[in-house]
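Student: Please see the structure below; I have some questions.
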2 protein chains.
Amino acid sequence: MQFCNRIIPTRSQYAEAADHRCHCRSGHTGRCDEFPFLRHLQSVDKQVADKIKRDATMTTGAAWKSADAGPNRILRWVMLLSDEELASYGINMADLKPGVVAKLREKAADYDSCILVAAKLAWLVYQMEDAPQPTIEIKQYLEELFGPMIPSSTCCVICRLPLNYGLFSMAARGKAAIETCHKNPRMHNPENVGFGHRECNIAQGAKTLDEFYEWIRDILGRAHR
Amino acid sequence: MQFCNRIIPTRSQYAEAADHRCHCRSGHTGRCDEFPFLRHLQSVDKQVADKIKRDATMTTGAAWKSADAGPNRILRWVMLLSDEELASYGINMADLKPGVVAKLREKAADYDSCILVAAKLAWLVYQMEDAPQPTIEIKQYLEELFGPMIPSSTCCVICRLPLNYGLFSMAARGKAAIETCHKNPRMHNPENVGFGHRECNIAQGAKTLDEFYEWIRDILGRAHR
């Protein structure tokens, strides 16, 4: 798909790190929009649309809440900048523990990947059990990017059980029951990203999905001999 | 084993909830001691001895750090008291979220179970790879309670790999690499308690060990069909 790609003005303090661009189809009418594929979801379930935007574009780390935790949520592409460039934004990586720096740098991703991750997540949401139905325009847009949408086909990346849209509004101790997952936690791109149960994502931890499966296969082998 | 069982005076604000008692052998000489089986470990590695005492006798919850998290660390037997009795200590269970109350109540255990858990953990520590060697007196004491000690035989409760004593001093983001684990997270007694890798304990989550094995078996079944 050819995007419009016109620059969308932003007042973000990180505006210089990457231009925000319009992702409507090239030659579209109406106003430019960075996330046109989220328009419908935004109108029917703002919470889920906001979660997609946030998980696609921001690093996480809300659990660290310690003095040396570093930026709690920051645009993933800002984490591509050098330590020197980050210092000009008041982020002093040298003040953070090495493990925290590594964690933040791992979550870095370029702007285009983040936008495509958001689109992929929208495509997956619409294929969940009990999900709202997209407008025809958005369905066509997403199918052009990622292929045909099959109702109730979105499964947890990790345990492979079908995911029900209702899980988005179920939360335990302030944590949603569905999380954005990475087959390889160190790669943020549409092929590598999906949704999973919170407990599955926690169990996978920092492992790749292949490493996780190998790990639990070995555990079962030892537990039952 | 017959314990001395003399009451040990305590200045704890929770003194009325349970008498602290001497666990030296009945008829012992020398001063009374609530944790005589930790004396040697206390002298060679205070950090590990303190961890055993803490995990055996206190509820956990350090990760919750929110306003509604409730008592962060509290004696497990205090959590056996009624809401009314707790209120007299300034702990108002009604102010906590139901999930937090359930979590705290799950970690309740009577005083005697907690002491025996501490002894069991000491017995397991001495059987770790590269562990310090107990004095003969303590070895006999622990073996009388839990059976013969076999060097390097202590494995992670969950993944069943041998645990190296050195893991106690390895920590990532302030969290020790070895944690006290429960085969059934809702039962705190010597049969049900052991040590495990932090990542294994996190993966097990709130499941019993049997439920965890069943869960990962099912995941592998779906992932590889």
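If you're wondering about the labels, chains in the structure tokens are A, B, ... by order shown, residues count from 1 in each chain, ligands from 1 in order shown.
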What are the closest atom pairs, with distances in Å to one decimal, for each residue of chain B lying within 7 Å of chain A, using only C-alpha atoms, rows by chain and rising residue number, as CSV?

Tutor:
```
residue,atom,partner,partner_atom,distance
B:Cys159,CA,A:Ile219,CA,4.9
B:Arg160,CA,A:Arg222,CA,6.3
B:Ile202,CA,A:Ala203,CA,6.5
B:Ala203,CA,A:Ala203,CA,3.9
B:Tyr213,CA,A:Leu220,CA,6.8
B:Ile216,CA,A:Ile216,CA,6.4
B:Ile219,CA,A:Cys159,CA,4.9
B:Leu220,CA,A:Tyr213,CA,6.8
B:Arg222,CA,A:Arg160,CA,6.3
B:Ala223,CA,A:Arg160,CA,6.6
```

Student: Please save C-alpha atoms of the selected residues as a PDB file, in the first residue's frame.

Tutor:
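What landed in result-v2.pdb:
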```
ATOM      1  CA  CYS B 159      12.403 -27.099  36.636  1.00  0.00           C
ATOM      2  CA  ARG B 160      14.220 -29.830  38.622  1.00  0.00           C
ATOM      3  CA  ILE B 202       7.414 -16.417  38.068  1.00  0.00           C
ATOM      4  CA  ALA B 203       6.357 -18.807  35.302  1.00  0.00           C
ATOM      5  CA  TYR B 213       2.981 -28.951  34.326  1.00  0.00           C
ATOM      6  CA  ILE B 216       2.771 -26.262  29.731  1.00  0.00           C
ATOM      7  CA  ILE B 219       0.792 -25.429  25.382  1.00  0.00           C
ATOM      8  CA  LEU B 220       3.370 -27.730  23.769  1.00  0.00           C
ATOM      9  CA  ARG B 222      -1.000 -26.918  20.669  1.00  0.00           C
ATOM     10  CA  ALA B 223       2.260 -25.278  19.588  1.00  0.00           C
TER      11      ALA B 223
END
```

Student: Using only C-alpha atoms, what table do you get, as CSV, when you list each residue of region 111-171 of chain B with an atom no more than 9 Å from region 12-34 of chain B, its nearest pair of atoms, and their distance in Å rounded to one decimal, rows by chain then rising number?

Tutor:
```
residue,atom,partner,partner_atom,distance
B:Tyr111,CA,B:Ala18,CA,6.7
B:Ile115,CA,B:Glu34,CA,8.2
B:Tyr141,CA,B:Arg25,CA,8.4
```

Student: Excluding Phe146 (chain A) and any residue of its chain fewer than 5 positions from it, enumerate the residues within 9 Å of it, using only C-alpha atoms, and give them as a ChimeraX atom specification.

Tutor: /A:119-120,123,141

Student: Given the choices B:Ile150, B:Ile7, B:Leu96, B:Ala118, which gets closest to Asn189 (chain B) if the distance is worked out from only C-alpha atoms?

Tutor: B:Ala118

Student: Grab the CA of Ile91 (chain B) to CA of Thr57 (chain B) distance for me, in Å with one decimal place.

Tutor: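 Result for CA of Ile91 (chain B) versus CA of Thr57 (chain B): 18.1 Å, one decimal.
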
Student: How many Å lie between CA of Phe37 (chain B) and CA of Pro134 (chain B), rounded to one decimal?

Tutor: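 We find that CA of Phe37 (chain B) and CA of Pro134 (chain B) lie 9.4 Å from each other.
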
Student: Report the residues of region 14-70 of chain B whose backbone DSSP state falls under alpha helix (DSSP H), written as a VMD selection string.

Tutor: chain B and resid 39 to 44 46 to 57

Student: Those residues you just picked out, can you put them in a file as a PDB file, in the first residue's frame with C-alpha atoms?

Tutor:
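Output (selection_27.pdb):
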```pdb
ATOM      1  CA  ARG B  39      22.955 -20.427  63.945  1.00  0.00           C
ATOM      2  CA  HIS B  40      25.722 -21.729  61.711  1.00  0.00           C
ATOM      3  CA  LEU B  41      24.313 -20.252  58.498  1.00  0.00           C
ATOM      4  CA  GLN B  42      23.793 -16.970  60.319  1.00  0.00           C
ATOM      5  CA  SER B  43      27.491 -16.887  61.128  1.00  0.00           C
ATOM      6  CA  VAL B  44      28.768 -17.798  57.641  1.00  0.00           C
ATOM      7  CA  LYS B  46      23.764 -13.799  57.285  1.00  0.00           C
ATOM      8  CA  GLN B  47      22.009 -12.817  54.059  1.00  0.00           C
ATOM      9  CA  VAL B  48      20.840 -16.373  53.337  1.00  0.00           C
ATOM     10  CA  ALA B  49      19.915 -17.073  56.963  1.00  0.00           C
ATOM     11  CA  ASP B  50      17.851 -13.879  57.070  1.00  0.00           C
ATOM     12  CA  LYS B  51      16.162 -14.771  53.785  1.00  0.00           C
ATOM     13  CA  ILE B  52      15.143 -18.153  55.199  1.00  0.00           C
ATOM     14  CA  LYS B  53      13.694 -16.551  58.327  1.00  0.00           C
ATOM     15  CA  ARG B  54      11.882 -13.911  56.304  1.00  0.00           C
ATOM     16  CA  ASP B  55      10.436 -16.239  53.661  1.00  0.00           C
ATOM     17  CA  ALA B  56       9.433 -18.816  56.265  1.00  0.00           C
ATOM     18  CA  THR B  57       7.661 -16.428  58.603  1.00  0.00           C
TER      19      THR B  57
END
```

Student: Counting only C-alpha atoms, which residue out of B:Asn164, B:Asn92, B:Thr59, B:Asn5 sits closest to Trp77 (chain B)?

Tutor: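 Of B:Asn164, B:Asn92, B:Thr59, B:Asn5, the one nearest Trp77 (chain B), counting only C-alpha atoms, is B:Thr59.
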
Student: Provide the CA of Thr180 (chain B) to CA of Leu121 (chain B) distance in Å, to one decimal place.

Tutor: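 If I compute the distance from CA of Thr180 (chain B) to CA of Leu121 (chain B), I get 8.3 Å.
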